[in-house]
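Raw structure_35.txt, compact mmCIF, C-alpha atoms:
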# COMPACT_ATOMS: atom_id res chain seq x y z
CA MET O 1 108.34 87.21 103.37
CA PRO O 2 108.36 90.22 105.76
CA LYS O 3 108.66 93.61 104.07
CA ARG O 4 110.58 96.67 105.11
CA SER O 5 109.26 100.16 104.31
CA ILE O 6 112.18 102.18 102.93
CA GLY O 7 110.47 105.53 102.32
CA ALA O 8 109.10 107.39 99.33
CA ILE O 9 111.56 106.11 96.72
CA PRO O 10 110.53 105.30 93.12
CA TYR O 11 112.37 101.97 93.22
CA LEU O 12 111.55 100.73 89.75
CA TYR O 13 114.41 98.84 88.06
CA PRO O 14 116.13 98.75 85.72
CA VAL O 15 115.40 101.63 83.37
CA PRO O 16 116.71 102.06 79.83
CA ILE O 17 119.13 104.97 79.46
CA VAL O 18 118.53 107.28 76.49
CA LEU O 19 119.84 110.55 75.12
CA VAL O 20 117.10 113.11 74.62
CA GLY O 21 117.91 115.42 71.73
CA ALA O 22 116.56 118.92 71.18
CA THR O 23 117.57 122.14 69.53
CA VAL O 24 118.35 124.70 72.21
CA GLU O 25 119.65 128.19 71.48
CA GLY O 26 120.12 127.24 67.85
CA ARG O 27 122.26 124.13 68.33
CA PRO O 28 121.65 120.42 68.98
CA ASN O 29 121.81 119.32 72.59
CA TYR O 30 121.60 115.87 74.17
CA ALA O 31 120.65 115.05 77.75
CA THR O 32 121.17 111.65 79.38
CA VAL O 33 117.81 110.54 80.73
CA GLY O 34 116.61 107.46 82.61
CA ASP O 35 113.10 108.86 83.04
CA CYS O 36 111.74 107.62 79.74
CA ALA O 37 109.17 104.98 78.80
CA ILE O 38 106.88 103.65 76.15
CA MET O 39 103.33 104.85 76.86
CA GLY O 40 101.59 102.94 74.07
CA ILE O 41 102.10 101.19 70.75
CA ARG O 42 99.00 102.36 68.86
CA PRO O 43 99.12 105.33 69.05
CA PRO O 44 102.92 105.19 69.39
CA LEU O 45 103.68 107.16 72.57
CA VAL O 46 106.61 107.81 74.85
CA ALA O 47 106.97 109.87 78.02
CA ILE O 48 110.04 111.63 79.36
CA SER O 49 110.63 113.71 82.46
CA LEU O 50 113.17 116.50 82.83
CA GLY O 51 113.92 119.23 85.32
CA GLU O 52 111.76 122.29 84.77
CA THR O 53 114.83 124.53 84.40
CA ALA O 54 116.97 122.06 82.40
CA PHE O 55 118.56 123.33 79.19
CA THR O 56 116.83 120.59 77.17
CA THR O 57 113.41 121.46 78.63
CA ARG O 58 113.81 125.00 77.30
CA GLY O 59 114.38 123.67 73.78
CA ILE O 60 111.51 121.16 73.84
CA CYS O 61 109.05 123.77 75.13
CA LYS O 62 110.04 126.10 72.29
CA VAL O 63 110.07 123.59 69.40
CA GLY O 64 107.42 121.15 70.70
CA SER O 65 109.45 118.14 69.60
CA PHE O 66 112.46 116.08 70.66
CA SER O 67 114.35 112.91 69.82
CA VAL O 68 114.95 109.79 71.90
CA ASN O 69 118.29 108.22 70.97
CA VAL O 70 119.12 104.76 72.33
CA PRO O 71 122.85 104.32 72.98
CA THR O 72 125.00 101.19 73.25
CA THR O 73 127.26 100.09 76.10
CA GLU O 74 130.25 101.14 73.97
CA MET O 75 129.03 104.71 74.43
CA LEU O 76 128.91 104.47 78.22
CA SER O 77 131.52 107.11 79.02
CA LEU O 78 129.93 109.61 76.62
CA VAL O 79 126.47 108.84 77.99
CA ASP O 80 127.64 109.28 81.58
CA TYR O 81 129.42 112.51 80.63
CA PHE O 82 126.30 113.92 78.96
CA GLY O 83 124.48 113.25 82.22
CA THR O 84 126.98 115.19 84.31
CA VAL O 85 127.20 118.44 82.33
CA SER O 86 124.55 120.86 81.14
CA GLY O 87 124.27 122.24 77.63
CA LYS O 88 124.31 125.62 79.34
CA ASP O 89 128.00 125.07 80.04
CA VAL O 90 129.20 122.71 77.30
CA ASP O 91 128.43 122.66 73.58
CA LYS O 92 127.72 118.93 73.35
CA SER O 93 126.96 119.24 69.63
CA ALA O 94 130.69 119.72 69.00
CA LEU O 95 131.42 116.24 70.39
CA VAL O 96 128.99 114.17 68.32
CA GLU O 97 127.49 113.98 64.84
CA SER O 98 123.89 115.13 64.53
CA ILE O 99 121.69 114.25 61.58
CA PRO O 100 118.30 115.67 60.60
CA GLY O 101 115.05 113.72 60.70
CA LYS O 102 111.59 114.53 59.38
CA ILE O 103 110.69 117.17 61.95
CA PRO O 104 112.59 120.46 61.60
CA ASP O 105 114.88 121.32 64.52
CA VAL O 106 114.90 117.80 65.98
CA PRO O 107 118.49 116.53 65.93
CA LEU O 108 119.17 112.79 65.83
CA LEU O 109 122.35 111.41 67.36
CA ALA O 110 124.04 109.57 64.48
CA VAL O 111 126.08 107.14 66.60
CA CYS O 112 122.99 105.65 68.29
CA PRO O 113 121.53 102.60 66.50
CA VAL O 114 117.94 103.72 67.13
CA ASN O 115 116.49 107.23 67.00
CA LEU O 116 112.87 108.21 67.64
CA GLU O 117 111.40 111.51 66.48
CA CYS O 118 108.74 112.64 68.93
CA ARG O 119 106.11 115.39 68.90
CA VAL O 120 104.75 116.59 72.25
CA MET O 121 101.05 115.78 72.75
CA GLU O 122 100.54 116.47 76.47
CA GLU O 123 102.68 117.90 79.24
CA CYS O 124 102.42 118.59 82.94
CA THR O 125 104.59 119.69 85.83
CA VAL O 126 104.80 118.20 89.31
CA GLU O 127 106.89 120.47 91.52
CA HIS O 128 110.08 121.02 89.50
CA ARG O 129 109.64 118.04 87.15
CA HIS O 130 108.33 118.57 83.64
CA VAL O 131 106.68 115.50 82.06
CA PHE O 132 106.19 115.31 78.28
CA VAL O 133 103.94 112.71 76.66
CA ALA O 134 104.79 112.57 72.97
CA GLU O 135 103.81 110.78 69.79
CA VAL O 136 106.57 108.96 67.92
CA VAL O 137 106.45 110.32 64.37
CA GLU O 138 109.21 108.14 62.94
CA ALA O 139 111.77 105.61 64.14
CA HIS O 140 115.17 105.33 62.44
CA VAL O 141 117.40 102.28 62.81
CA ASP O 142 120.97 101.65 61.60
CA GLU O 143 120.75 99.47 58.47
CA GLU O 144 123.02 96.83 60.02
CA TYR O 145 120.35 96.07 62.63
CA VAL O 146 117.42 95.77 60.20
CA SER O 147 116.44 92.79 58.11
CA GLU O 148 113.24 91.88 56.31
CA ALA O 149 110.85 89.24 57.61
CA ALA O 150 107.51 88.62 55.89
CA GLY O 151 107.70 92.01 54.18
CA ARG O 152 108.17 93.91 57.45
CA PRO O 153 111.34 95.29 58.99
CA ARG O 154 112.77 93.05 61.66
CA ILE O 155 115.07 94.65 64.23
CA ALA O 156 118.02 92.77 65.71
CA PRO O 157 117.50 91.21 69.16
CA LEU O 158 118.55 93.21 72.22
CA PRO O 159 121.91 91.61 72.96
CA GLU O 160 123.02 92.86 69.50
CA LEU O 161 121.57 96.34 70.07
CA ASP O 162 123.40 96.28 73.42
CA PRO O 163 121.48 98.98 75.33
CA ILE O 164 122.53 100.58 78.63
CA LEU O 165 120.38 100.00 81.72
CA TYR O 166 120.53 101.89 85.00
CA ALA O 167 119.16 101.44 88.49
CA LEU O 168 118.97 103.40 91.71
CA ASP O 169 121.89 101.42 93.10
CA ASN O 170 123.70 103.95 90.84
CA THR O 171 124.96 101.14 88.64
CA TYR O 172 124.80 100.68 84.88
CA TYR O 173 123.93 97.22 83.59
CA SER O 174 123.90 95.46 80.23
CA VAL O 175 120.89 93.47 79.08
CA GLY O 176 120.94 89.74 79.82
CA LYS O 177 119.67 86.66 78.05
CA PRO O 178 116.28 86.04 76.44
CA ILE O 179 114.11 84.14 78.91
CA GLY O 180 110.78 83.85 77.12
CA THR O 181 108.32 84.99 74.49
CA GLY O 182 105.49 87.45 75.05
CA TYR O 183 102.02 85.90 75.35
CA ARG O 184 103.55 82.40 75.20
CA GLU O 185 104.74 81.81 78.74
CA ALA O 186 101.29 81.65 80.30
CA GLU O 187 100.92 78.10 79.03
CA ARG O 188 103.36 77.11 81.74
CA PHE O 189 101.28 78.80 84.43
CA PRO O 190 99.27 76.21 86.31
CA ARG O 191 96.43 78.72 86.86
CA ARG O 192 95.80 77.26 90.29
CA ARG O 193 97.93 77.56 93.35
CA PRO O 194 99.47 74.22 94.35
CA MET B 1 126.05 104.29 59.31
CA PRO B 2 123.01 104.61 56.97
CA LYS B 3 119.64 104.60 58.73
CA ARG B 4 116.38 103.01 57.73
CA SER B 5 113.06 104.63 58.63
CA ILE B 6 110.80 101.89 59.99
CA GLY B 7 107.64 103.89 60.73
CA ALA B 8 105.99 105.36 63.79
CA ILE B 9 107.10 102.73 66.31
CA PRO B 10 108.07 103.58 69.92
CA TYR B 11 111.20 101.43 69.69
CA LEU B 12 112.61 102.04 73.16
CA TYR B 13 114.25 98.97 74.74
CA PRO B 14 114.21 97.18 77.02
CA VAL B 15 111.46 98.15 79.46
CA PRO B 16 110.98 96.80 82.98
CA ILE B 17 107.87 94.67 83.37
CA VAL B 18 105.70 95.41 86.40
CA LEU B 19 102.35 94.38 87.81
CA VAL B 20 100.08 97.35 88.44
CA GLY B 21 97.76 96.70 91.38
CA ALA B 22 94.43 98.37 92.04
CA THR B 23 91.16 97.62 93.75
CA VAL B 24 88.47 97.16 91.13
CA GLU B 25 84.90 96.19 91.89
CA GLY B 26 85.87 95.53 95.48
CA ARG B 27 88.75 93.12 94.89
CA PRO B 28 92.48 93.37 94.17
CA ASN B 29 93.48 93.19 90.53
CA TYR B 30 96.90 93.12 88.87
CA ALA B 31 97.73 94.07 85.28
CA THR B 32 101.02 93.26 83.57
CA VAL B 33 102.43 96.54 82.26
CA GLY B 34 105.56 97.48 80.33
CA ASP B 35 104.50 101.11 80.02
CA CYS B 36 105.95 102.27 83.33
CA ALA B 37 108.83 104.57 84.25
CA ILE B 38 110.44 106.64 86.92
CA MET B 39 109.57 110.30 86.31
CA GLY B 40 111.71 111.78 89.08
CA ILE B 41 113.45 111.03 92.37
CA ARG B 42 112.63 114.21 94.35
CA PRO B 43 109.67 114.37 94.22
CA PRO B 44 109.44 110.57 93.79
CA LEU B 45 107.34 110.08 90.66
CA VAL B 46 106.36 107.28 88.33
CA ALA B 47 104.20 107.20 85.20
CA ILE B 48 102.12 104.34 83.84
CA SER B 49 99.92 104.03 80.77
CA LEU B 50 96.89 101.78 80.42
CA GLY B 51 94.06 101.35 77.97
CA GLU B 52 91.23 103.79 78.64
CA THR B 53 88.72 100.94 79.01
CA ALA B 54 91.00 98.52 80.89
CA PHE B 55 89.65 96.98 84.10
CA THR B 56 92.59 98.39 86.09
CA THR B 57 92.02 101.91 84.73
CA ARG B 58 88.50 101.83 86.13
CA GLY B 59 89.84 101.06 89.61
CA ILE B 60 92.61 103.67 89.54
CA CYS B 61 90.23 106.38 88.36
CA LYS B 62 87.87 105.59 91.24
CA VAL B 63 90.43 105.23 94.06
CA GLY B 64 93.09 107.66 92.77
CA SER B 65 95.91 105.31 93.77
CA PHE B 66 97.64 102.14 92.58
CA SER B 67 100.65 99.95 93.30
CA VAL B 68 103.65 99.09 91.14
CA ASN B 69 104.91 95.60 91.95
CA VAL B 70 108.24 94.47 90.49
CA PRO B 71 108.31 90.73 89.75
CA THR B 72 111.22 88.30 89.35
CA THR B 73 112.03 86.02 86.43
CA GLU B 74 110.74 83.08 88.52
CA MET B 75 107.29 84.65 88.19
CA LEU B 76 107.45 84.84 84.38
CA SER B 77 104.55 82.51 83.60
CA LEU B 78 102.27 84.27 86.09
CA VAL B 79 103.34 87.67 84.77
CA ASP B 80 102.72 86.64 81.19
CA TYR B 81 99.35 85.15 82.16
CA PHE B 82 98.28 88.35 83.93
CA GLY B 83 99.06 90.20 80.69
CA THR B 84 96.85 87.92 78.61
CA VAL B 85 93.64 87.97 80.66
CA SER B 86 91.50 90.82 81.96
CA GLY B 87 90.23 91.16 85.52
CA LYS B 88 86.83 91.49 83.86
CA ASP B 89 87.00 87.76 83.07
CA VAL B 90 89.30 86.28 85.73
CA ASP B 91 89.50 86.95 89.47
CA LYS B 92 93.28 87.29 89.64
CA SER B 93 93.12 87.99 93.38
CA ALA B 94 92.29 84.31 93.93
CA LEU B 95 95.66 83.28 92.44
CA VAL B 96 98.01 85.45 94.52
CA GLU B 97 98.41 86.85 98.02
CA SER B 98 97.63 90.55 98.42
CA ILE B 99 98.79 92.57 101.41
CA PRO B 100 97.72 96.05 102.49
CA GLY B 101 99.98 99.09 102.43
CA LYS B 102 99.55 102.59 103.83
CA ILE B 103 96.94 103.80 101.36
CA PRO B 104 93.49 102.22 101.74
CA ASP B 105 92.34 100.11 98.80
CA VAL B 106 95.81 99.78 97.24
CA PRO B 107 96.73 96.08 97.19
CA LEU B 108 100.40 95.04 97.18
CA LEU B 109 101.42 91.78 95.55
CA ALA B 110 103.16 89.86 98.35
CA VAL B 111 105.32 87.64 96.12
CA CYS B 112 107.06 90.61 94.45
CA PRO B 113 110.28 91.72 96.22
CA VAL B 114 109.51 95.42 95.69
CA ASN B 115 106.15 97.21 95.93
CA LEU B 116 105.51 100.91 95.40
CA GLU B 117 102.39 102.66 96.68
CA CYS B 118 101.48 105.48 94.32
CA ARG B 119 99.00 108.36 94.46
CA VAL B 120 97.85 109.92 91.17
CA MET B 121 99.01 113.53 90.74
CA GLU B 122 98.29 114.18 87.06
CA GLU B 123 96.60 112.25 84.27
CA CYS B 124 95.85 112.68 80.59
CA THR B 125 94.49 110.70 77.70
CA VAL B 126 95.86 110.42 74.17
CA GLU B 127 93.38 108.61 71.97
CA HIS B 128 92.54 105.44 73.93
CA ARG B 129 95.61 105.54 76.21
CA HIS B 130 95.29 106.82 79.77
CA VAL B 131 98.53 108.13 81.30
CA PHE B 132 98.85 108.51 85.09
CA VAL B 133 101.69 110.46 86.69
CA ALA B 134 101.83 109.50 90.36
CA GLU B 135 103.78 110.24 93.50
CA VAL B 136 105.37 107.27 95.28
CA VAL B 137 104.10 107.43 98.86
CA GLU B 138 106.04 104.43 100.18
CA ALA B 139 108.29 101.68 98.86
CA HIS B 140 108.27 98.23 100.49
CA VAL B 141 111.10 95.72 99.99
CA ASP B 142 111.40 92.09 101.10
CA GLU B 143 113.66 92.01 104.18
CA GLU B 144 116.03 89.54 102.53
CA TYR B 145 116.98 92.17 99.95
CA VAL B 146 117.60 95.01 102.42
CA SER B 147 120.72 95.66 104.47
CA GLU B 148 121.97 98.71 106.33
CA ALA B 149 124.81 100.87 105.03
CA ALA B 150 125.79 104.09 106.79
CA GLY B 151 122.44 104.16 108.59
CA ARG B 152 120.42 103.96 105.36
CA PRO B 153 118.71 100.98 103.78
CA ARG B 154 120.75 99.40 101.01
CA ILE B 155 118.86 97.34 98.43
CA ALA B 156 120.41 94.26 96.84
CA PRO B 157 121.95 94.71 93.37
CA LEU B 158 119.80 93.93 90.34
CA PRO B 159 121.05 90.44 89.49
CA GLU B 160 119.78 89.38 92.94
CA LEU B 161 116.45 91.17 92.49
CA ASP B 162 116.25 89.42 89.10
CA PRO B 163 113.69 91.64 87.30
CA ILE B 164 111.93 90.83 84.01
CA LEU B 165 112.65 93.00 80.96
CA TYR B 166 110.68 93.10 77.73
CA ALA B 167 111.18 94.50 74.25
CA LEU B 168 109.17 94.96 71.08
CA ASP B 169 110.84 91.89 69.59
CA ASN B 170 108.20 90.29 71.87
CA THR B 171 110.92 88.73 73.98
CA TYR B 172 111.47 88.75 77.73
CA TYR B 173 115.04 89.23 78.96
CA SER B 174 116.86 89.02 82.26
CA VAL B 175 119.15 91.80 83.44
CA GLY B 176 122.83 91.42 82.58
CA LYS B 177 126.07 92.35 84.31
CA PRO B 178 127.03 95.61 85.99
CA ILE B 179 129.09 97.66 83.52
CA GLY B 180 129.76 100.89 85.39
CA THR B 181 128.90 103.38 88.09
CA GLY B 182 126.71 106.45 87.65
CA TYR B 183 128.59 109.76 87.38
CA ARG B 184 131.92 107.92 87.43
CA GLU B 185 132.31 106.75 83.85
CA ALA B 186 132.77 110.22 82.36
CA GLU B 187 136.38 110.21 83.52
CA ARG B 188 137.08 107.77 80.73
CA PHE B 189 135.52 110.08 78.14
CA PRO B 190 138.25 111.86 76.22
CA ARG B 191 136.00 114.95 75.80
CA ARG B 192 137.41 115.50 72.33
CA ARG B 193 136.81 113.50 69.24
CA PRO B 194 139.94 111.65 68.12

Structure rendered as structure tokens:
Amino acid sequence: MPKRSIGAIPYLYPVPIVLVGATVEGRPNYATVGDCAIMGIRPPLVAISLGETAFTTRGICKVGSFSVNVPTTEMLSLVDYFGTVSGKDVDKSALVESIPGKIPDVPLLAVCPVNLECRVMEECTVEHRHVFVAEVVEAHVDEEYVSEAAGRPRIAPLPELDPILYALDNTYYSVGKPIGTGYREAERFPRRRP
Amino acid sequence: MPKRSIGAIPYLYPVPIVLVGATVEGRPNYATVGDCAIMGIRPPLVAISLGETAFTTRGICKVGSFSVNVPTTEMLSLVDYFGTVSGKDVDKSALVESIPGKIPDVPLLAVCPVNLECRVMEECTVEHRHVFVAEVVEAHVDEEYVSEAAGRPRIAPLPELDPILYALDNTYYSVGKPIGTGYREAERFPRRRP
């Protein structure tokens, strides 16, 4: 298949959309972010990237912690709105319920089914982007999505959690169907080219 | 909704699954990675995380560059297989076709519809995890997924590109349906709580 070079575009797709929470100027603020990823399970790490001058960046740099809140597709209009306005101009905390976690001054967005409390471990800047690598200190999940299996919490499958995805075609997507199990699909791989 | 604290788990979902390519010990190698994200559009940045002692990490540290190759669900068994074996033990380059890009010693995985060539800008380690923040130097897309729109390349929508998603329920998922347009859904947000 011939390839076309389309330029220096980070065309990775899709990405999960989250709301990054931080206390800024004494009040909770939430920024819609697609630049967020798991960076490890043990230790439990995430990375986020924000604009160097963003309102949320100011809060994270001061407190050293933030929250990652995973929304549902029902929240799409709120999520999109929180990505179009800055906390400099709008008090977003007046529009949503914030709840405290373990870390002081890290607001959790109550309406999201999953909330991660994160403490910054490393950070760097590339031009005007500020990248934070952070340890997850605690994850909180709505009771309705948690059950017990073999003495450990079992979280509902993704179609129930109903996350929002986004891609650089500027389109939001829902998650699709399960198509396989980790570390079990290789059995079907012939291991030799036909 | 009451919350349950489930421990220090980076429960972000879903994540896009990619194959990270690098030249290691003189041959192309590909590692299946879920720890990958966009970290900015301008400048075009991605981040990946690998084990400090992983075969791929050795190659990236030596060359200073790598590729991010986005697979399709048709490739699931190969992708899963490449996540279960190390290039230390298996010559993965013998199982797939590699093509060169712009950067010397950065192999691109031909069968993937999208390939990103990336140059390391910043890196850090947290315990045994090695995080690379890299600039995307060039993106390559299979011709069949590119069209022209207003003089710019237009990439096919996600259901056509058919990426593989993964979550910590150890399940692979396909992408679902489009549910909205970026920066257009806020109009539906009432901006006041009912």

Would you mind aligning chain B to chain O, a least-squares fit over all C-alpha atoms taken in order, and returning the superposed chain as a CSV table (one decimal) with C-alpha atoms, in the coordinates of the input?
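Listed below is the output, superposed.csv:
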chain,number,residue,atom,x,y,z
B,1,MET,CA,108.3,87.2,103.3
B,2,PRO,CA,108.4,90.2,105.7
B,3,LYS,CA,108.6,93.6,104.1
B,4,ARG,CA,110.6,96.7,105.1
B,5,SER,CA,109.3,100.2,104.3
B,6,ILE,CA,112.2,102.2,102.9
B,7,GLY,CA,110.5,105.5,102.3
B,8,ALA,CA,109.1,107.4,99.3
B,9,ILE,CA,111.5,106.1,96.7
B,10,PRO,CA,110.5,105.3,93.1
B,11,TYR,CA,112.4,102.0,93.2
B,12,LEU,CA,111.6,100.7,89.7
B,13,TYR,CA,114.4,98.8,88.0
B,14,PRO,CA,116.2,98.7,85.7
B,15,VAL,CA,115.4,101.6,83.4
B,16,PRO,CA,116.7,102.1,79.8
B,17,ILE,CA,119.1,105.0,79.5
B,18,VAL,CA,118.5,107.3,76.5
B,19,LEU,CA,119.8,110.5,75.1
B,20,VAL,CA,117.1,113.1,74.6
B,21,GLY,CA,117.9,115.4,71.7
B,22,ALA,CA,116.5,118.9,71.2
B,23,THR,CA,117.6,122.1,69.5
B,24,VAL,CA,118.3,124.7,72.2
B,25,GLU,CA,119.6,128.2,71.5
B,26,GLY,CA,120.1,127.2,67.9
B,27,ARG,CA,122.2,124.1,68.3
B,28,PRO,CA,121.7,120.4,69.0
B,29,ASN,CA,121.8,119.3,72.6
B,30,TYR,CA,121.6,115.9,74.2
B,31,ALA,CA,120.7,115.1,77.8
B,32,THR,CA,121.2,111.7,79.4
B,33,VAL,CA,117.8,110.5,80.7
B,34,GLY,CA,116.6,107.5,82.6
B,35,ASP,CA,113.1,108.9,83.0
B,36,CYS,CA,111.7,107.6,79.7
B,37,ALA,CA,109.2,105.0,78.8
B,38,ILE,CA,106.9,103.6,76.1
B,39,MET,CA,103.3,104.8,76.9
B,40,GLY,CA,101.6,102.9,74.1
B,41,ILE,CA,102.1,101.2,70.7
B,42,ARG,CA,99.0,102.4,68.9
B,43,PRO,CA,99.1,105.3,69.1
B,44,PRO,CA,102.9,105.2,69.4
B,45,LEU,CA,103.7,107.2,72.6
B,46,VAL,CA,106.6,107.8,74.8
B,47,ALA,CA,107.0,109.9,78.0
B,48,ILE,CA,110.0,111.6,79.4
B,49,SER,CA,110.6,113.7,82.5
B,50,LEU,CA,113.2,116.5,82.8
B,51,GLY,CA,113.9,119.2,85.3
B,52,GLU,CA,111.7,122.3,84.8
B,53,THR,CA,114.8,124.5,84.4
B,54,ALA,CA,117.0,122.1,82.4
B,55,PHE,CA,118.6,123.3,79.2
B,56,THR,CA,116.8,120.6,77.2
B,57,THR,CA,113.4,121.5,78.6
B,58,ARG,CA,113.8,125.0,77.3
B,59,GLY,CA,114.4,123.7,73.8
B,60,ILE,CA,111.5,121.2,73.9
B,61,CYS,CA,109.1,123.8,75.1
B,62,LYS,CA,110.0,126.1,72.3
B,63,VAL,CA,110.1,123.6,69.4
B,64,GLY,CA,107.4,121.2,70.7
B,65,SER,CA,109.5,118.1,69.6
B,66,PHE,CA,112.5,116.1,70.7
B,67,SER,CA,114.3,112.9,69.8
B,68,VAL,CA,115.0,109.8,71.9
B,69,ASN,CA,118.3,108.2,71.0
B,70,VAL,CA,119.1,104.8,72.3
B,71,PRO,CA,122.9,104.3,73.0
B,72,THR,CA,125.0,101.2,73.3
B,73,THR,CA,127.3,100.1,76.1
B,74,GLU,CA,130.3,101.1,74.0
B,75,MET,CA,129.0,104.7,74.4
B,76,LEU,CA,128.9,104.5,78.2
B,77,SER,CA,131.5,107.1,79.0
B,78,LEU,CA,129.9,109.6,76.6
B,79,VAL,CA,126.5,108.8,78.0
B,80,ASP,CA,127.7,109.3,81.6
B,81,TYR,CA,129.4,112.5,80.6
B,82,PHE,CA,126.3,113.9,79.0
B,83,GLY,CA,124.5,113.2,82.2
B,84,THR,CA,127.0,115.2,84.3
B,85,VAL,CA,127.2,118.4,82.3
B,86,SER,CA,124.6,120.9,81.1
B,87,GLY,CA,124.3,122.2,77.6
B,88,LYS,CA,124.3,125.6,79.4
B,89,ASP,CA,128.0,125.1,80.1
B,90,VAL,CA,129.2,122.7,77.3
B,91,ASP,CA,128.4,122.7,73.6
B,92,LYS,CA,127.7,118.9,73.3
B,93,SER,CA,127.0,119.3,69.6
B,94,ALA,CA,130.7,119.7,69.0
B,95,LEU,CA,131.4,116.3,70.4
B,96,VAL,CA,129.0,114.2,68.3
B,97,GLU,CA,127.5,114.0,64.8
B,98,SER,CA,123.9,115.1,64.5
B,99,ILE,CA,121.7,114.2,61.6
B,100,PRO,CA,118.3,115.7,60.6
B,101,GLY,CA,115.1,113.7,60.7
B,102,LYS,CA,111.6,114.5,59.4
B,103,ILE,CA,110.7,117.2,61.9
B,104,PRO,CA,112.6,120.5,61.6
B,105,ASP,CA,114.9,121.3,64.5
B,106,VAL,CA,114.9,117.8,66.0
B,107,PRO,CA,118.5,116.5,65.9
B,108,LEU,CA,119.2,112.8,65.8
B,109,LEU,CA,122.3,111.4,67.4
B,110,ALA,CA,124.0,109.6,64.5
B,111,VAL,CA,126.1,107.1,66.6
B,112,CYS,CA,123.0,105.7,68.3
B,113,PRO,CA,121.5,102.6,66.5
B,114,VAL,CA,117.9,103.7,67.1
B,115,ASN,CA,116.5,107.2,67.0
B,116,LEU,CA,112.9,108.2,67.6
B,117,GLU,CA,111.4,111.5,66.5
B,118,CYS,CA,108.7,112.6,68.9
B,119,ARG,CA,106.1,115.4,68.9
B,120,VAL,CA,104.7,116.6,72.3
B,121,MET,CA,101.0,115.8,72.7
B,122,GLU,CA,100.5,116.5,76.5
B,123,GLU,CA,102.7,117.9,79.2
B,124,CYS,CA,102.4,118.6,82.9
B,125,THR,CA,104.6,119.7,85.8
B,126,VAL,CA,104.8,118.2,89.3
B,127,GLU,CA,106.9,120.4,91.5
B,128,HIS,CA,110.1,121.0,89.5
B,129,ARG,CA,109.6,118.0,87.2
B,130,HIS,CA,108.3,118.6,83.6
B,131,VAL,CA,106.7,115.5,82.1
B,132,PHE,CA,106.2,115.3,78.3
B,133,VAL,CA,103.9,112.7,76.7
B,134,ALA,CA,104.8,112.6,73.0
B,135,GLU,CA,103.8,110.8,69.8
B,136,VAL,CA,106.6,109.0,67.9
B,137,VAL,CA,106.4,110.3,64.4
B,138,GLU,CA,109.2,108.1,62.9
B,139,ALA,CA,111.8,105.6,64.1
B,140,HIS,CA,115.2,105.3,62.4
B,141,VAL,CA,117.4,102.3,62.8
B,142,ASP,CA,121.0,101.6,61.6
B,143,GLU,CA,120.8,99.5,58.5
B,144,GLU,CA,123.0,96.8,60.0
B,145,TYR,CA,120.4,96.1,62.6
B,146,VAL,CA,117.4,95.8,60.2
B,147,SER,CA,116.4,92.8,58.1
B,148,GLU,CA,113.2,91.9,56.3
B,149,ALA,CA,110.8,89.2,57.6
B,150,ALA,CA,107.5,88.6,55.9
B,151,GLY,CA,107.7,92.0,54.2
B,152,ARG,CA,108.2,93.9,57.4
B,153,PRO,CA,111.4,95.3,59.0
B,154,ARG,CA,112.8,93.0,61.7
B,155,ILE,CA,115.1,94.7,64.2
B,156,ALA,CA,118.0,92.8,65.7
B,157,PRO,CA,117.5,91.2,69.2
B,158,LEU,CA,118.6,93.2,72.2
B,159,PRO,CA,121.9,91.6,72.9
B,160,GLU,CA,123.0,92.8,69.5
B,161,LEU,CA,121.6,96.3,70.1
B,162,ASP,CA,123.4,96.3,73.4
B,163,PRO,CA,121.5,99.0,75.3
B,164,ILE,CA,122.5,100.6,78.6
B,165,LEU,CA,120.4,100.0,81.7
B,166,TYR,CA,120.5,101.9,85.0
B,167,ALA,CA,119.2,101.4,88.5
B,168,LEU,CA,119.0,103.4,91.7
B,169,ASP,CA,121.9,101.4,93.1
B,170,ASN,CA,123.7,103.9,90.8
B,171,THR,CA,124.9,101.1,88.6
B,172,TYR,CA,124.8,100.7,84.9
B,173,TYR,CA,123.9,97.2,83.6
B,174,SER,CA,123.9,95.5,80.2
B,175,VAL,CA,120.9,93.5,79.1
B,176,GLY,CA,120.9,89.8,79.8
B,177,LYS,CA,119.7,86.7,78.1
B,178,PRO,CA,116.3,86.1,76.4
B,179,ILE,CA,114.1,84.1,78.9
B,180,GLY,CA,110.8,83.8,77.1
B,181,THR,CA,108.3,85.0,74.5
B,182,GLY,CA,105.5,87.5,75.0
B,183,TYR,CA,102.0,85.9,75.4
B,184,ARG,CA,103.5,82.4,75.2
B,185,GLU,CA,104.7,81.8,78.7
B,186,ALA,CA,101.3,81.7,80.3
B,187,GLU,CA,100.9,78.1,79.1
B,188,ARG,CA,103.3,77.1,81.8
B,189,PHE,CA,101.2,78.8,84.4
B,190,PRO,CA,99.3,76.2,86.3
B,191,ARG,CA,96.4,78.7,86.9
B,192,ARG,CA,95.8,77.3,90.3
B,193,ARG,CA,97.9,77.6,93.4
B,194,PRO,CA,99.5,74.3,94.4

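The residue that comes closest to chain B, out of O:Ser93, O:Thr125, O:Thr171, O:Ser147 and on the basis of all atoms listed in the file, is O:Thr171.
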
| said: Give me the residues near His128 of chain O as an MDAnalysis selection string, where near means some atom within 9 Å (using all atoms listed in the file) and where sequence neighbours in that chain fewer than 5 positions away do not count. | reply: (chainID O and resid 50:53) or (chainID B and resid 42:43)

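Comparing B:Ile155, B:Val131, B:Cys118, B:Ala31 by their smallest distance to Tyr81 of chain B, the closest is B:Ala31 (using all atoms listed in the file).
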
| query | Which residue gives the smallest distance to Glu117 of chain B among B:Pro159, B:Pro104, B:Gly87, B:Pro178, with all atoms listed in the file counted? | reply | B:Pro104

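Polymer residues near (128.2, 102.7, 88.6): counting all atoms listed in the file with a cut-off of 10 Å, they are Asp80, Tyr166, Ala167, Leu168, Asp169, Asn170, Thr171, Tyr172 and Tyr173 of chain O; Pro178, Ile179, Gly180, Thr181, Gly182, Tyr183, Arg184 and Glu185 of chain B.
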